[in-house]
Amino acid sequence: MTLSELSRCFHGVIPSIIASADRNGVPNVTYLSQVHVIDEQHVALSRQFFNKTSRNIAENPHVCIEVCDPVTFEAYRLRLRFLRTETSGALFDSMALRIQAIASHTGMSGVFRLIGADVFEVQRIERVEGYLTGAASPADAISPTDGFRTELRGLQLVSERINRAEDLETLLAAALDALAVYFGFEHTIVLLNDESANRLVTISCRGYGGGVGAEVVFGEGLIGTVAAERRVLRISGLDASLRYGRAVRRELLSGEGGRTLRPEIPLPGLADAQSALVIPLTVGERLTGVLAAESRDPLAFGEWDEAYLGIIGNQIALGIDRVLQQEETDGGWQMADGAQKSPSAIRHLPSPIKRHTLTYYRDDDSIFFDGEYLIRNVPGRILWKLLAEWKRAGRTAFTNRELRLDRSLGLPDLKDNLETRLILLRSRLREKLPAVQIASTGRGRFSLVVDAELELVER
Amino acid sequence: MVSERLRKCVQSGLSIIVGTADSERVPATCRAVAMKTNDDFETVTVYIPAATSHETMANIATTRRLAVACSEVSTHETTQIKGVTRAVRLAPREDEAFVRERIEAFAASLESIGLPRHTTRRLAHWPAFAIDVTIEEIFDQTPGPKAGTALR
C-alpha cells in the first residue's frame with residue numbers, strides 16, 4: 001500500500017488522529033488538522049501551536065496516525081518516525097498558505113499560523129481491518145483515463161478560444177465557459193489586479209448569478225491570500241477546515257489574544273463551498289489577477305485539476321495581457337461581437353419610463369442608485385463624468401481618448417486599465433441598472449444610452 | 001469546570017479516540033464507541049470495538065496506560081483523559097443496547113456536518129471490550145493555544 005493510493009485521505013475532509021508518547025511511555029491522543037504528503041516515504045504534519053504532541057516527538061520520535069478515506073470511509077494507520085521540523089522553505093510555505101487562508105476567513109490573520117512543518121518518515125501503512133461492517137456502499141467510480149482525454153481535449157479548445165479572442169470580455173467568457181463544459185468547474189471567478197487601489201476586482205464570473213465588480217483586498221480570504229503570496233491554493237474539505245479554524249478562534253476569544261481578532265470574512269462566492277482552487281494569474285513577475293473555482297463537492301479538485309487550471313491560468317494571464325496591450329496600443333475598446341453598433345441598435349426598455357436617483361459620494365467616488373450601491377472608485381468617476389455631460393449638454397457620444405486626457409478621473413499615466421474599467425462599468429450597469437447602458441460605437445468610441453429619467457445628486 | 005467537562009465526556013454523540021503505547025513506547029490508536037461512568041468519575045468505562053483494537057488491547061495488557069479524547073463534532077471542544085486501566089473485559093450482552101445507542105447518536109452528529117448516517121452506522125462497534133480506567137489527569141484538548149492545558 002502506498003501513500004498515493006490513499007491520496008483522498010489527505011484532503012482534510014475527515015480529521016485524522018495522532019497518538020504519541022513521551023519518554024516514559026505515557027500516551028497522548030488528539031486530532032490533526034493537516035497531513036501533507038511529501039513523497040511516497042514522507043509526510044509532514046502542521047504545527048500551529050507548541051503542544052504536548054510537539055513535546056512528545058522531541059522525546060520519542062514514534063507516532064501513529066489514523067486517516068480515513070472520505071469516499072469509502074475505510075481507515076488506515078500509518079506508523080511514522082519524526083525526522084525534523086521545517087520552519088522555512090517550499091514545504092513550509094505550501095503548508096502555511098492553506099492555514100493563512102483559513103486564518104484570514106476566520107479573522108485570525110497573523111494570530112493563527114503555521115509555526116512548523118514536522119517531517120516524518122513513513123515506516124508502515126496498514127488498512128484497519130474490520131473497521132466497517134456490512135455491505136459496502138458503491139464508491140465513486142473514477143476513470144482517470146477517460147477524464148484525462150476529455151480534459152486534454154478541453155485544454156486544447158480553451159487554448160484556441162483564448163488565442164482567438166480579440167477583446168477581454170470574449171476571452172474571459174470563453175475561458176470560463178470551457179472550464180464548465182470540459183472540466184466541470186461550474187462556479188468560477190476571474191478578478192483583475194487594480195494596482196492603483198491595491199485590490200482585486202471581479203471582472204467575470206460564472207455560476208453565481210452576478211458578482212461583477214465585487215472587490216477583494218490583498219491578503220484577505222482565499223483569493224486575497226493567493227494574490228498576496230502568488231501561490232496556488234487548493235483546499236478540500238473547506239467546511240471541516242473552517243470549523244477547526246472557528247474552534248481555535250473561540251479559544252482565542254476567551255483569552256488575551258481575542259482582542260486582536262478581526263471579523264470573519266465570508267467565502268468568495270458560494271456560502272456553502274466545500275472545496276476551492278485558486279490560481280494567481282501572472283505574467284513574469286507581474287500579477288494580472290486571480291482565477292478561482294469553487295465547488296460544493298469536498299473532493300472536487302485534485303492534483304490533476306490543479307495542474308490543468310494552472311496551465312489554463314497561464315494562458316488566461318497571457319491572453320489578458322495581450323488583449324489589454326493591444327487595446328492600449330490601438331486606443332480603442334471594441335464590443336464583444338466585433339461589430340460597431342449605433343445607439344439606436346441598443347435594446348431600449350419598454351415604457352413606462354423609469355425614474356432613478358443616482359447619488360455620487362465625493363469622498364470615495366461611489367455611486368448609489370435609489371439607495372442601492374452601484375459602483376465606485378475610477379469606474380464610478382467615469383460614470384459620473386458621463387452622466388454629468390449627458391445631463392448638462394445632452395451628450396451621448398464619448399471617446400476613450402477624452403477619458404484618458406481627463407486628469408480628474410485619476411487614471412495612471414501608464415497601464416491605466418481603462419478598457420478593464422469600462423468593461424467592469426458596462427457589466428455592472430447591465431446587471432444592476434439596465435436603464436443606463438454603455439455601448440461601443442467603434443474602436444475607441446462609445447455611447448451612453450439612458451432610458452430613464454435620472455436625478456443626479458452629488459454629496 | 002472539571003466536573004462539567006467530565007460530564008460532557010459521557011454524553012452521547014461524541015467522537016471518542018484512544019491512544020496507547022507498548023513497552024518500547026511505540027504508540028497506537030483506535031476509535032472508541034462509547035464511554036460512561038458508574039462511580040461519579042472515580043473511573044470511566046471506555047468501550048472499544050473488538051475488531052479494530054488488537055494492538056490497543058495488547059498495549060493495555062502490557063502498560064495499562066490509556067489516553068482517551070472526547071470531542072464534540074460540530075465545535076471541536078475536546079477533553080482528554082489519561083489514566084491507568086483497572087479492569088478489562090469483553091462487554092457483556094446487557095451493554096449492547098447502550099453501545100448501539102451511542103453509535104446511533106454519533107451517526108446523527110456526523111450527519112449534521114455532512115457525513116451520511118448509514119455509513120457511520122457501519123463503523124465496527126460490537127462486540128466490544130469494556131475498559132475501566134482510573135482517571136489521573138484531565139486536559140483541555142480543544143484546538144487552539146490552550147490545547148494541552150491541565151484541568152486536573
# chains A, B, ... in the order shown; residues from 1 in each chain; ligands from 1

call {"tool": "select_by_dssp", "arguments": {"residues": "range 205-331 of chain A", "states": "alpha helix (DSSP H)", "output": "JSON, numbers by chain"}}
result
{"A": [221, 222, 223, 224, 225, 226, 227, 228, 229, 238, 239, 240, 241, 242, 243, 244, 245, 246, 247, 248, 249, 250, 251, 252, 253, 303, 304, 305, 306, 307, 308, 309, 310, 311, 312, 313, 314, 315, 316, 317, 318, 319, 320, 321, 322, 323, 324, 325, 326, 327, 328, 329, 330]}

call {"tool": "interface_residues", "arguments": {"of": "chain A", "to": "chain B", "cutoff": "9 Å", "atoms": "only C-alpha atoms", "output": "PyMOL selection string"}}
result
chain A and resi 17-31+48-52+60-66+70+72-73+77+79+112+128-137+239-240+243-252+255

call {"tool": "residues_around", "arguments": {"residues": "range 374-376 of chain A", "least_positions_apart": "6", "cutoff": "9 Å", "atoms": "only C-alpha atoms", "output": "MDAnalysis selection string"}}
result
chainID A and resid 213 360:361 364:368 383 425 428:429 432:433

call {"tool": "residues_around", "arguments": {"residues": "Phe369 in chain A", "least_positions_apart": "2", "cutoff": "8 Å", "atoms": "only C-alpha atoms", "output": "PyMOL selection string"}}
result
chain A and resi 356-359+367+371-374

call {"tool": "closest_residue", "arguments": {"among": "B:Val133, B:Ala58, B:Ala128, B:Met1", "to": "Lys36 in chain B", "atoms": "only C-alpha atoms"}}
result
B:Val133

call {"tool": "residues_around", "arguments": {"residues": "Phe82 in chain A", "least_positions_apart": "4", "cutoff": "10 Å", "atoms": "only C-alpha atoms", "output": "number ranges by chain"}}
result
A: 42-45, 57-58, 60-63, 118-122

call {"tool": "select_by_dssp", "arguments": {"residues": "range 8-151 of chain B", "states": "strand (DSSP E)", "output": "VMD selection string"}}
result
chain B and resid 15 to 21 27 to 32 34 to 36 43 to 49 65 to 71 78 to 90 128 to 140 149 to 150

call {"tool": "write_last_selection", "arguments": {"atoms": "C-alpha atoms", "output": "compact mmCIF listing (two decimals), in the first residue's frame"}}
result
# COMPACT_ATOMS: atom_id res chain seq x y z
CA SER B 15 -16.21 11.36 18.71
CA ILE B 16 -14.01 9.28 21.04
CA ILE B 17 -10.44 8.28 20.26
CA VAL B 18 -7.95 6.24 22.25
CA GLY B 19 -4.15 6.32 22.44
CA THR B 20 -1.81 3.74 23.97
CA ALA B 21 1.86 2.77 23.73
CA PRO B 27 2.12 4.47 20.12
CA ALA B 28 -1.09 3.05 18.74
CA THR B 29 -4.55 4.48 18.26
CA CYS B 30 -8.09 3.36 17.63
CA ARG B 31 -11.64 4.68 17.86
CA ALA B 32 -13.83 4.08 20.88
CA ALA B 34 -18.89 4.84 23.98
CA MET B 35 -17.90 5.91 27.46
CA LYS B 36 -19.70 6.04 30.79
CA THR B 43 -13.38 5.59 36.98
CA VAL B 44 -14.75 5.70 33.45
CA THR B 45 -15.55 2.71 31.28
CA VAL B 46 -14.41 3.01 27.66
CA TYR B 47 -15.89 0.73 25.02
CA ILE B 48 -13.54 -0.19 22.17
CA PRO B 49 -14.57 -2.35 19.16
CA ARG B 65 -1.86 3.20 30.37
CA LEU B 66 -4.55 4.84 28.27
CA ALA B 67 -5.38 8.27 26.82
CA VAL B 68 -8.96 9.00 25.74
CA ALA B 69 -10.07 12.15 23.90
CA CYS B 70 -13.76 13.03 23.65
CA SER B 71 -14.73 15.63 21.08
CA THR B 78 -12.29 18.27 23.26
CA THR B 79 -11.32 16.83 26.63
CA GLN B 80 -8.52 14.31 27.06
CA ILE B 81 -8.42 11.91 29.98
CA LYS B 82 -5.30 9.97 30.94
CA GLY B 83 -5.22 7.15 33.38
CA VAL B 84 -4.47 3.59 34.29
CA THR B 85 -6.67 0.64 33.45
CA ARG B 86 -8.22 -1.11 36.41
CA ALA B 87 -10.08 -3.87 34.63
CA VAL B 88 -10.66 -5.14 31.11
CA ARG B 89 -13.45 -7.46 29.98
CA LEU B 90 -15.45 -8.36 26.93
CA ALA B 128 -16.57 -4.50 22.25
CA PHE B 129 -14.10 -4.51 25.08
CA ALA B 130 -15.07 -2.58 28.20
CA ILE B 131 -12.07 -0.96 29.86
CA ASP B 132 -12.34 0.55 33.31
CA VAL B 133 -9.90 3.46 33.67
CA THR B 134 -8.91 5.28 36.83
CA ILE B 135 -8.63 8.96 35.89
CA GLU B 136 -5.28 10.51 36.76
CA GLU B 137 -5.17 13.59 34.54
CA ILE B 138 -7.63 15.69 32.55
CA PHE B 139 -6.69 18.14 29.79
CA ASP B 140 -8.42 20.69 27.63
CA THR B 149 -3.83 22.74 29.44
CA ALA B 150 -4.25 20.57 32.50

call {"tool": "atom_distance", "arguments": {"atom1": "CA of Arg322 in chain A", "atom2": "CA of Arg404 in chain A"}}
result
20.0 Å
